[in-house]
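Peer 1: You'll find coords36.json just under this line, and it carries JSON, C-alpha atoms.
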[["chain", "number", "residue", "atom", "x", "y", "z"],
["A", 1, "MET", "CA", -34.51, 20.61, -28.72],
["A", 2, "LEU", "CA", -33.44, 23.81, -27.01],
["A", 3, "ASN", "CA", -34.96, 25.04, -23.82],
["A", 4, "SER", "CA", -37.33, 27.79, -24.88],
["A", 5, "CYS", "CA", -36.31, 30.02, -21.96],
["A", 6, "ALA", "CA", -33.48, 32.42, -22.73],
["A", 7, "GLN", "CA", -30.72, 32.53, -20.14],
["A", 8, "ALA", "CA", -28.83, 35.65, -19.22],
["A", 9, "VAL", "CA", -25.35, 35.77, -20.68],
["A", 10, "PRO", "CA", -22.68, 37.73, -18.80],
["A", 11, "LEU", "CA", -20.75, 40.49, -20.46],
["A", 12, "PHE", "CA", -17.81, 38.99, -22.32],
["A", 13, "VAL", "CA", -14.75, 41.14, -22.84],
["A", 14, "ILE", "CA", -11.53, 40.66, -24.73],
["A", 15, "PRO", "CA", -8.97, 43.39, -25.38],
["A", 16, "GLY", "CA", -10.42, 45.95, -27.76],
["A", 17, "LEU", "CA", -13.79, 44.25, -28.16],
["A", 18, "ARG", "CA", -16.99, 44.46, -26.15],
["A", 19, "TYR", "CA", -20.51, 43.21, -26.78],
["A", 20, "THR", "CA", -23.67, 42.20, -24.93],
["A", 21, "PRO", "CA", -25.58, 39.43, -26.72],
["A", 22, "GLU", "CA", -29.35, 39.29, -26.29],
["A", 23, "VAL", "CA", -29.89, 35.54, -26.45],
["A", 24, "GLN", "CA", -32.91, 34.42, -28.45],
["A", 25, "PRO", "CA", -32.79, 30.63, -28.73],
["A", 26, "THR", "CA", -33.92, 29.19, -32.04],
["A", 27, "LEU", "CA", -36.35, 26.29, -31.70],
["A", 28, "LEU", "CA", -35.68, 23.20, -33.76],
["A", 29, "ASP", "CA", -38.13, 21.25, -35.88],
["A", 30, "LEU", "CA", -37.79, 18.89, -38.85],
["A", 31, "ASN", "CA", -38.23, 21.64, -41.43],
["A", 32, "LEU", "CA", -35.45, 23.74, -39.96],
["A", 33, "ALA", "CA", -33.15, 20.72, -39.58],
["A", 34, "ARG", "CA", -33.75, 19.77, -43.22],
["A", 35, "GLU", "CA", -33.05, 23.34, -44.35],
["A", 36, "ILE", "CA", -29.81, 23.55, -42.39],
["A", 37, "GLU", "CA", -28.53, 20.15, -43.46],
["A", 38, "LEU", "CA", -29.29, 20.67, -47.13],
["A", 39, "GLU", "CA", -27.91, 24.19, -47.18],
["A", 40, "GLU", "CA", -24.68, 22.93, -45.68],
["A", 41, "ALA", "CA", -24.63, 19.95, -48.04],
["A", 42, "GLN", "CA", -24.67, 22.40, -50.93],
["A", 43, "ALA", "CA", -21.23, 23.63, -49.87],
["A", 44, "ALA", "CA", -19.83, 20.10, -50.28],
["A", 45, "VAL", "CA", -21.76, 19.56, -53.53],
["A", 46, "SER", "CA", -20.45, 22.85, -54.89],
["A", 47, "CYS", "CA", -16.90, 21.83, -53.96],
["A", 48, "ALA", "CA", -17.25, 18.52, -55.80],
["A", 49, "ASN", "CA", -18.83, 20.18, -58.84],
["A", 50, "MET", "CA", -15.99, 22.69, -59.00],
["A", 51, "MET", "CA", -13.51, 19.84, -58.78],
["A", 52, "MET", "CA", -15.22, 17.97, -61.61],
["A", 53, "SER", "CA", -15.18, 21.03, -63.87],
["A", 54, "THR", "CA", -11.64, 22.27, -63.16],
["A", 55, "GLN", "CA", -9.71, 19.16, -62.10],
["A", 56, "PRO", "CA", -11.49, 16.13, -63.57],
["A", 57, "GLU", "CA", -8.41, 13.98, -62.94],
["A", 58, "LEU", "CA", -9.23, 14.07, -59.22],
["A", 59, "ASN", "CA", -12.45, 12.12, -59.92],
["A", 60, "GLY", "CA", -14.84, 14.16, -57.80],
["A", 61, "ALA", "CA", -18.41, 12.89, -57.74],
["A", 62, "VAL", "CA", -21.87, 13.66, -56.33],
["A", 63, "GLN", "CA", -25.00, 11.56, -56.14],
["A", 64, "SER", "CA", -28.42, 12.47, -54.74],
["A", 65, "ILE", "CA", -29.50, 9.70, -52.35],
["A", 66, "ALA", "CA", -32.28, 9.34, -49.77],
["A", 67, "GLY", "CA", -33.09, 13.04, -49.65],
["A", 68, "GLY", "CA", -29.45, 14.06, -49.24],
["A", 69, "TYR", "CA", -26.15, 13.80, -51.07],
["A", 70, "ALA", "CA", -23.20, 11.46, -51.26],
["A", 71, "VAL", "CA", -20.06, 13.48, -52.04],
["A", 72, "TYR", "CA", -16.61, 12.29, -53.08],
["A", 73, "CYS", "CA", -13.66, 14.72, -53.21],
["A", 74, "GLY", "CA", -10.79, 12.29, -52.84],
["A", 75, "ALA", "CA", -9.85, 9.44, -50.52],
["A", 76, "GLY", "CA", -9.96, 10.31, -46.82],
["A", 77, "ASN", "CA", -10.86, 13.94, -47.48],
["A", 78, "PRO", "CA", -13.07, 15.66, -44.86],
["A", 79, "VAL", "CA", -15.52, 16.64, -47.62],
["A", 80, "THR", "CA", -15.86, 13.02, -48.73],
["A", 81, "GLN", "CA", -19.01, 11.96, -46.89],
["A", 82, "ALA", "CA", -22.79, 11.87, -47.16],
["A", 83, "VAL", "CA", -24.98, 14.63, -45.70],
["A", 84, "GLY", "CA", -28.71, 15.19, -45.29],
["A", 85, "LEU", "CA", -29.92, 11.59, -45.59],
["A", 86, "GLY", "CA", -33.23, 10.53, -44.05],
["A", 87, "LEU", "CA", -34.74, 13.99, -43.63],
["A", 88, "ALA", "CA", -37.26, 13.57, -46.46],
["A", 89, "GLY", "CA", -38.83, 10.37, -45.17],
["A", 90, "PRO", "CA", -37.99, 6.65, -44.84],
["A", 91, "VAL", "CA", -34.75, 5.35, -46.34],
["A", 92, "SER", "CA", -35.26, 2.21, -48.42],
["A", 93, "THR", "CA", -32.90, -0.74, -48.70],
["A", 94, "GLU", "CA", -32.33, 0.16, -52.36],
["A", 95, "GLU", "CA", -31.30, 3.70, -51.43],
["A", 96, "PHE", "CA", -28.93, 2.46, -48.76],
["A", 97, "ASP", "CA", -27.43, 0.03, -51.27],
["A", 98, "GLN", "CA", -26.83, 2.98, -53.60],
["A", 99, "LEU", "CA", -25.07, 4.83, -50.81],
["A", 100, "GLU", "CA", -22.72, 1.95, -50.10],
["A", 101, "ASP", "CA", -22.07, 1.29, -53.79],
["A", 102, "PHE", "CA", -21.17, 4.95, -54.30],
["A", 103, "TYR", "CA", -18.32, 4.75, -51.80],
["A", 104, "PHE", "CA", -17.30, 1.08, -51.95],
["A", 105, "SER", "CA", -16.90, 1.32, -55.74],
["A", 106, "ARG", "CA", -14.28, 4.00, -55.01],
["A", 107, "ASN", "CA", -12.56, 1.90, -52.32],
["A", 108, "GLU", "CA", -13.71, 4.39, -49.70],
["A", 109, "PRO", "CA", -15.44, 3.82, -46.35],
["A", 110, "VAL", "CA", -19.01, 5.06, -46.03],
["A", 111, "ARG", "CA", -19.23, 8.07, -43.74],
["A", 112, "VAL", "CA", -22.58, 9.71, -43.07],
["A", 113, "GLU", "CA", -23.08, 12.92, -41.10],
["A", 114, "THR", "CA", -26.45, 12.19, -39.51],
["A", 115, "CYS", "CA", -29.00, 14.57, -38.04],
["A", 116, "PRO", "CA", -30.86, 13.14, -34.99],
["A", 117, "LEU", "CA", -34.16, 14.12, -36.64],
["A", 118, "ALA", "CA", -33.53, 11.77, -39.58],
["A", 119, "ASP", "CA", -36.13, 9.05, -40.16],
["A", 120, "ALA", "CA", -35.81, 6.03, -37.87],
["A", 121, "SER", "CA", -35.34, 3.75, -40.89],
["A", 122, "LEU", "CA", -31.87, 5.24, -41.43],
["A", 123, "PHE", "CA", -30.75, 4.25, -37.94],
["A", 124, "GLU", "CA", -32.17, 0.76, -38.51],
["A", 125, "LYS", "CA", -29.96, 0.43, -41.58],
["A", 126, "TYR", "CA", -26.93, 1.42, -39.54],
["A", 127, "LYS", "CA", -27.78, -1.26, -36.99],
["A", 128, "GLU", "CA", -28.44, -3.96, -39.58],
["A", 129, "ARG", "CA", -25.14, -3.32, -41.36],
["A", 130, "ASN", "CA", -22.90, -2.85, -38.33],
["A", 131, "TYR", "CA", -22.06, 0.81, -38.67],
["A", 132, "TYR", "CA", -20.15, 2.46, -35.84],
["A", 133, "VAL", "CA", -19.91, 6.01, -34.52],
["A", 134, "THR", "CA", -16.71, 7.94, -35.24],
["A", 135, "GLU", "CA", -17.54, 11.56, -34.46],
["A", 136, "PHE", "CA", -19.97, 14.01, -32.87],
["A", 137, "SER", "CA", -20.42, 17.65, -33.88],
["A", 138, "ASN", "CA", -22.74, 20.32, -32.59],
["A", 139, "VAL", "CA", -24.80, 22.32, -35.07],
["A", 140, "MET", "CA", -24.99, 25.77, -33.53],
["A", 141, "ALA", "CA", -27.10, 28.74, -34.56],
["A", 142, "ARG", "CA", -28.14, 32.26, -33.68],
["A", 143, "PRO", "CA", -30.25, 34.93, -35.36],
["A", 144, "VAL", "CA", -28.15, 37.10, -37.65],
["A", 145, "ARG", "CA", -29.60, 40.10, -35.87],
["A", 146, "ASN", "CA", -29.78, 39.50, -32.12],
["A", 147, "GLY", "CA", -28.98, 42.87, -30.58],
["A", 148, "SER", "CA", -25.23, 42.36, -30.35],
["A", 149, "THR", "CA", -22.84, 45.22, -30.90],
["A", 150, "VAL", "CA", -19.15, 44.95, -31.57],
["A", 151, "ALA", "CA", -16.12, 47.12, -32.09],
["A", 152, "THR", "CA", -13.33, 45.33, -33.96],
["A", 153, "PRO", "CA", -9.91, 45.74, -32.31],
["A", 154, "ALA", "CA", -8.03, 48.53, -34.02],
["A", 155, "ASP", "CA", -5.11, 46.29, -34.94],
["A", 156, "ILE", "CA", -7.26, 43.67, -36.75],
["A", 157, "ASP", "CA", -8.05, 44.34, -40.39],
["A", 158, "ILE", "CA", -10.51, 42.01, -42.15],
["A", 159, "ARG", "CA", -11.05, 42.01, -45.88],
["A", 160, "ARG", "CA", -12.71, 39.78, -48.43],
["A", 161, "VAL", "CA", -10.28, 37.77, -50.52],
["A", 162, "GLY", "CA", -10.08, 38.28, -54.27],
["A", 163, "GLN", "CA", -8.96, 35.71, -56.81],
["A", 164, "ASP", "CA", -5.37, 36.96, -56.54],
["A", 165, "GLU", "CA", -5.26, 36.06, -52.81],
["A", 166, "LEU", "CA", -7.16, 32.80, -52.90],
["A", 167, "ASP", "CA", -4.03, 30.64, -52.62],
["A", 168, "LEU", "CA", -2.89, 32.71, -49.63],
["A", 169, "TRP", "CA", -6.28, 32.20, -47.97],
["A", 170, "VAL", "CA", -6.15, 28.43, -48.57],
["A", 171, "LEU", "CA", -2.65, 28.12, -47.11],
["A", 172, "THR", "CA", -3.49, 30.31, -44.10],
["A", 173, "VAL", "CA", -6.62, 28.40, -43.10],
["A", 174, "ALA", "CA", -4.95, 25.03, -43.73],
["A", 175, "GLN", "CA", -2.03, 25.97, -41.50],
["A", 176, "GLY", "CA", -4.45, 27.10, -38.80],
["A", 177, "PHE", "CA", -5.98, 23.59, -38.86],
["A", 178, "ALA", "CA", -2.62, 21.79, -39.08],
["A", 179, "GLU", "CA", -2.94, 20.25, -35.60],
["A", 180, "ASN", "CA", -5.95, 18.24, -36.80],
["A", 181, "TYR", "CA", -5.44, 17.99, -40.56],
["A", 182, "PRO", "CA", -1.88, 17.81, -41.96],
["A", 183, "VAL", "CA", -1.29, 20.31, -44.76],
["A", 184, "THR", "CA", -1.08, 18.22, -47.93],
["A", 185, "GLN", "CA", -1.40, 19.25, -51.56],
["A", 186, "GLU", "CA", -4.65, 17.30, -51.77],
["A", 187, "ILE", "CA", -6.13, 19.19, -48.82],
["A", 188, "LEU", "CA", -5.05, 22.50, -50.34],
["A", 189, "SER", "CA", -6.66, 21.60, -53.67],
["A", 190, "VAL", "CA", -9.97, 20.64, -52.09],
["A", 191, "MET", "CA", -10.02, 23.75, -49.90],
["A", 192, "LYS", "CA", -9.52, 25.89, -52.98],
["A", 193, "MET", "CA", -12.42, 24.14, -54.72],
["A", 194, "PHE", "CA", -14.54, 24.79, -51.63],
["A", 195, "ALA", "CA", -13.54, 28.45, -51.58],
["A", 196, "MET", "CA", -14.47, 28.85, -55.25],
["A", 197, "GLY", "CA", -17.96, 27.47, -54.72],
["A", 198, "LYS", "CA", -21.12, 29.37, -55.59],
["A", 199, "ASN", "CA", -22.21, 31.99, -53.01],
["A", 200, "THR", "CA", -19.05, 31.40, -50.94],
["A", 201, "GLU", "CA", -16.97, 34.30, -49.66],
["A", 202, "CYS", "CA", -13.53, 34.07, -48.06],
["A", 203, "TYR", "CA", -11.94, 36.52, -45.63],
["A", 204, "LEU", "CA", -8.44, 37.12, -44.28],
["A", 205, "ALA", "CA", -7.63, 38.83, -41.00],
["A", 206, "ARG", "CA", -4.39, 40.77, -40.62],
["A", 207, "ILE", "CA", -2.68, 42.21, -37.56],
["A", 208, "ASP", "CA", -0.18, 44.97, -38.20],
["A", 209, "GLY", "CA", -0.15, 43.95, -41.85],
["A", 210, "ARG", "CA", 0.62, 40.29, -41.15],
["A", 211, "VAL", "CA", -1.86, 37.56, -42.07],
["A", 212, "ALA", "CA", -3.30, 36.14, -38.84],
["A", 213, "GLY", "CA", -6.23, 33.94, -39.85],
["A", 214, "GLY", "CA", -9.08, 33.34, -42.24],
["A", 215, "ALA", "CA", -12.67, 32.21, -42.51],
["A", 216, "THR", "CA", -15.49, 31.42, -44.95],
["A", 217, "LEU", "CA", -19.05, 32.65, -45.32],
["A", 218, "ALA", "CA", -21.62, 30.70, -47.34],
["A", 219, "LEU", "CA", -24.69, 32.76, -48.26],
["A", 220, "ARG", "CA", -27.59, 30.50, -49.17],
["A", 221, "GLY", "CA", -31.10, 31.84, -48.86],
["A", 222, "ARG", "CA", -32.01, 32.84, -45.34],
["A", 223, "ILE", "CA", -29.19, 30.83, -43.77],
["A", 224, "ALA", "CA", -25.59, 32.00, -43.50],
["A", 225, "GLY", "CA", -23.02, 29.27, -42.95],
["A", 226, "LEU", "CA", -19.89, 30.28, -41.03],
["A", 227, "PHE", "CA", -17.21, 27.71, -41.79],
["A", 228, "GLY", "CA", -13.50, 27.20, -42.26],
["A", 229, "ALA", "CA", -12.29, 29.58, -39.56],
["A", 230, "SER", "CA", -8.78, 29.22, -38.20],
["A", 231, "THR", "CA", -6.06, 31.37, -36.65],
["A", 232, "LEU", "CA", -2.32, 30.96, -37.04],
["A", 233, "ILE", "CA", -0.61, 29.93, -33.82],
["A", 234, "ASP", "CA", 1.34, 33.18, -33.38],
["A", 235, "PHE", "CA", -1.88, 35.24, -33.35],
["A", 236, "ARG", "CA", -4.17, 33.22, -31.10],
["A", 237, "LYS", "CA", -5.95, 34.72, -28.08],
["A", 238, "ARG", "CA", -6.02, 38.14, -29.67],
["A", 239, "GLY", "CA", -9.65, 38.21, -30.76],
["A", 240, "VAL", "CA", -9.10, 37.20, -34.40],
["A", 241, "GLN", "CA", -11.88, 34.62, -34.55],
["A", 242, "THR", "CA", -14.36, 36.87, -32.78],
["A", 243, "ALA", "CA", -13.60, 39.70, -35.18],
["A", 244, "LEU", "CA", -13.95, 37.37, -38.19],
["A", 245, "LEU", "CA", -17.26, 36.08, -36.88],
["A", 246, "TYR", "CA", -18.83, 39.50, -36.39],
["A", 247, "HIS", "CA", -17.54, 40.73, -39.72],
["A", 248, "ARG", "CA", -19.28, 37.79, -41.43],
["A", 249, "LEU", "CA", -22.46, 38.33, -39.43],
["A", 250, "ARG", "CA", -22.61, 41.92, -40.61],
["A", 251, "ARG", "CA", -22.15, 40.73, -44.19],
["A", 252, "ALA", "CA", -24.88, 38.10, -43.71],
["A", 253, "GLU", "CA", -27.23, 40.79, -42.43],
["A", 254, "GLN", "CA", -26.50, 42.93, -45.48],
["A", 255, "SER", "CA", -27.37, 39.94, -47.68],
["A", 256, "GLY", "CA", -30.75, 39.44, -46.00],
["A", 257, "CYS", "CA", -29.92, 36.24, -44.11],
["A", 258, "GLU", "CA", -31.94, 35.50, -40.99],
["A", 259, "LEU", "CA", -30.08, 32.65, -39.30],
["A", 260, "ALA", "CA", -26.35, 32.00, -38.88],
["A", 261, "MET", "CA", -25.08, 28.48, -38.28],
["A", 262, "SER", "CA", -21.73, 26.96, -37.52],
["A", 263, "LEU", "CA", -20.24, 23.63, -36.44],
["A", 264, "ALA", "CA", -18.15, 22.79, -33.37],
["A", 265, "GLN", "CA", -16.90, 19.70, -31.61],
["A", 266, "PRO", "CA", -18.71, 19.21, -28.27],
["A", 267, "GLY", "CA", -16.76, 20.74, -25.41],
["A", 268, "SER", "CA", -14.17, 22.26, -27.71],
["A", 269, "HIS", "CA", -12.54, 25.67, -27.48],
["A", 270, "SER", "CA", -14.43, 26.65, -30.63],
["A", 271, "GLN", "CA", -17.77, 25.77, -29.05],
["A", 272, "ARG", "CA", -17.01, 27.81, -25.96],
["A", 273, "ASN", "CA", -16.03, 30.78, -28.09],
["A", 274, "ILE", "CA", -19.12, 30.85, -30.29],
["A", 275, "THR", "CA", -21.42, 30.16, -27.33],
["A", 276, "ARG", "CA", -20.13, 33.38, -25.79],
["A", 277, "LEU", "CA", -21.11, 35.09, -29.02],
["A", 278, "GLY", "CA", -24.77, 34.15, -28.78],
["A", 279, "PHE", "CA", -24.81, 30.78, -30.57],
["A", 280, "HIS", "CA", -26.78, 27.85, -29.14],
["A", 281, "THR", "CA", -26.59, 24.15, -29.87],
["A", 282, "LEU", "CA", -29.58, 23.18, -32.00],
["A", 283, "TYR", "CA", -28.66, 19.51, -32.21],
["A", 284, "THR", "CA", -25.71, 17.15, -32.21],
["A", 285, "ARG", "CA", -24.80, 15.33, -35.38],
["A", 286, "VAL", "CA", -23.39, 11.82, -35.31],
["A", 287, "LYS", "CA", -21.03, 10.49, -37.96],
["A", 288, "PHE", "CA", -21.71, 6.85, -38.74],
["A", 289, "GLU", "CA", -19.12, 4.86, -40.64],
["A", 290, "ARG", "CA", -18.56, 1.47, -42.21],
["A", 291, "ALA", "CA", -15.18, 0.32, -43.49],
["A", 292, "CYS", "CA", -14.74, -0.40, -47.16],
["A", 293, "LYS", "CA", -15.49, -3.99, -48.17],
["A", 294, "VAL", "CA", -12.42, -6.07, -48.94],
["A", 295, "GLY", "CA", -12.51, -8.32, -51.99]]
Will you turn the file into structure tokens for me?

Peer 2:
Amino acid sequence: MLNSCAQAVPLFVIPGLRYTPEVQPTLLDLNLAREIELEEAQAAVSCANMMMSTQPELNGAVQSIAGGYAVYCGAGNPVTQAVGLGLAGPVSTEEFDQLEDFYFSRNEPVRVETCPLADASLFEKYKERNYYVTEFSNVMARPVRNGSTVATPADIDIRRVGQDELDLWVLTVAQGFAENYPVTQEILSVMKMFAMGKNTECYLARIDGRVAGGATLALRGRIAGLFGASTLIDFRKRGVQTALLYHRLRRAEQSGCELAMSLAQPGSHSQRNITRLGFHTLYTRVKFERACKVG
């Protein structure tokens, strides 16, 4: 849980952009954790549903389990995992069996993004069945309105993507992530399904008319999810991500959202950037995994 005392944040300046965040830490409880996890899970569910309706040959699937969702969008895909489990109460052996059957029947390891506020019974199941930890990620948040002001650098133009530019957006964001996720046709297909999801908006940033980066905004109730942001190598350290973030925050405010959330690897460059922009770590997720059964 966050320290309830706000700390002063120094003025942060990059060329052409200046702002002074008034930090107002958001306090975490089970209700908020459940809301965040399930709102984010809806992005994955929407992606799988879009895949099932437009590309049934890819065998996308979704199943509601233990208060959350198991999602399948292809073997080894980042979207293929379970989210939100254990936040509605104890997880039974039968429910955990369903989880494993969902993935093992597809010859896929079980991967579960787990909130630390999940019921203790879920962690007992991990222990009993020899799950191991493969990843940590910080869930970060800030009020949509927190007193910040921003002036976008004059050479950065940000616009929402229409259907005619969706493929360009997919390729741009995928290339920006290429160091971590190789650009494959399967990844491009899943990203497009994600971008076409309900209440999802995609944005491209251009510098001097050239595409520099892109990002996604998911508008779901009072929570705005800021995901899928990347910058092409040639345009990094020029304020593209900061400009994309504030553009989406303004859009979230227009839509009546109250809280913005994003994800970052602990200690990463992304975490440092969004911390400077008034985001705070609410909690750290842990990804638990078990390899697919053989035979």

Peer 1: Any idea what's packed within 10 Å of Met261 (chain A), counting only C-alpha atoms, ignoring anything in its chain fewer than 2 positions away? Could you give it as a ChimeraX atom specification?

Peer 2: /A:36,40,139-144,218,223-227,259,263,279-282

Peer 1: Restricting the calculation to all atoms listed in the file, which member of A:Val161, A:Val190, A:Leu219, A:Leu30 is positioned closest to Tyr203 (chain A)?

Peer 2: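 Among A:Val161, A:Val190, A:Leu219, A:Leu30, it is A:Val161 that comes nearest to Tyr203 (chain A).
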
Peer 1: Would you please work out which residue, of A:Arg222, A:Gly214, A:Lys125, A:Asp101, is nearest to Gly256 (chain A) when using all atoms listed in the file?

Peer 2: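 So, comparing all the options, the nearest one is A:Arg222.
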
Peer 1: If we count all atoms listed in the file, what is near Cys115 (chain A) at a cut-off of 8 Å, once residues fewer than 4 positions away on the same chain are taken out, given as a PyMOL selection string?

Peer 2: chain A and resi 33+37+84+283-286

Peer 1: Find the spatial neighbours of Gln42 (chain A), counting all atoms listed in the file, within a cut-off of 12 Å - ignore same-chain residues fewer than 4 positions away - and output them as a PyMOL selection string.

Peer 2: chain A and resi 35-38+46-50+62+64+68-71+79+82-84+194+197-200+218-221+223+225

Peer 1: Do you have the CA of Glu39 (chain A)-CA of Lys127 (chain A) distance handy?

Peer 2: 27.4 Å

Peer 1: What's the 10 Å shell around Met52 (chain A), counting all atoms listed in the file, without same-chain residues fewer than 6 positions away, as an NGL selection string?

Peer 2: :A and (46 or 58-62 or 73 or 193)

Peer 1: One decimal, in Å: what's the spacing between CA of Asn107 (chain A) and CA of Val183 (chain A)?

Peer 2: 22.9 Å

Peer 1: Taking all listed atoms of region 284-289 of chain A, build the axis-aligned box, pad each of the six sides by 6 Å, then write its centre and edge lengths in Å to one decimal as lines of an AutoDock Vina configuration file.

Peer 2:
center_x = -22.4
center_y = 11.0
center_z = -36.4
size_x = 18.6
size_y = 24.3
size_z = 20.4

Peer 1: Counting all atoms listed in the file, which residues sit no farther than 6 Å from the position (-22.2, 9.3, -43.0) in the file's frame? I'd like them as a list in words.

Peer 2: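 Every residue inside that radius is included here: Gln81, Ala82, Arg111, Val112, Glu113, Lys287, Phe288 and Glu289 of chain A.
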
Peer 1: Taking all atoms listed in the file into account, name the residue in A:Ile158, A:Thr134, A:Gly228, A:Leu117 that is nearest to Leu171 (chain A).

Peer 2: A:Gly228

Peer 1: Pick out the closest residue to His269 (chain A) from this set: A:Trp169, A:Leu28, A:Lys293, A:Arg236. Count only C-alpha atoms.

Peer 2: A:Arg236

Peer 1: Taking into account only C-alpha atoms, which residue in the set A:Ser270, A:Gln254, A:Asn31, A:Gln265 is nearest to Ala229 (chain A)?

Peer 2: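 Among the listed residues, A:Ser270 lies closest to Ala229 (chain A).
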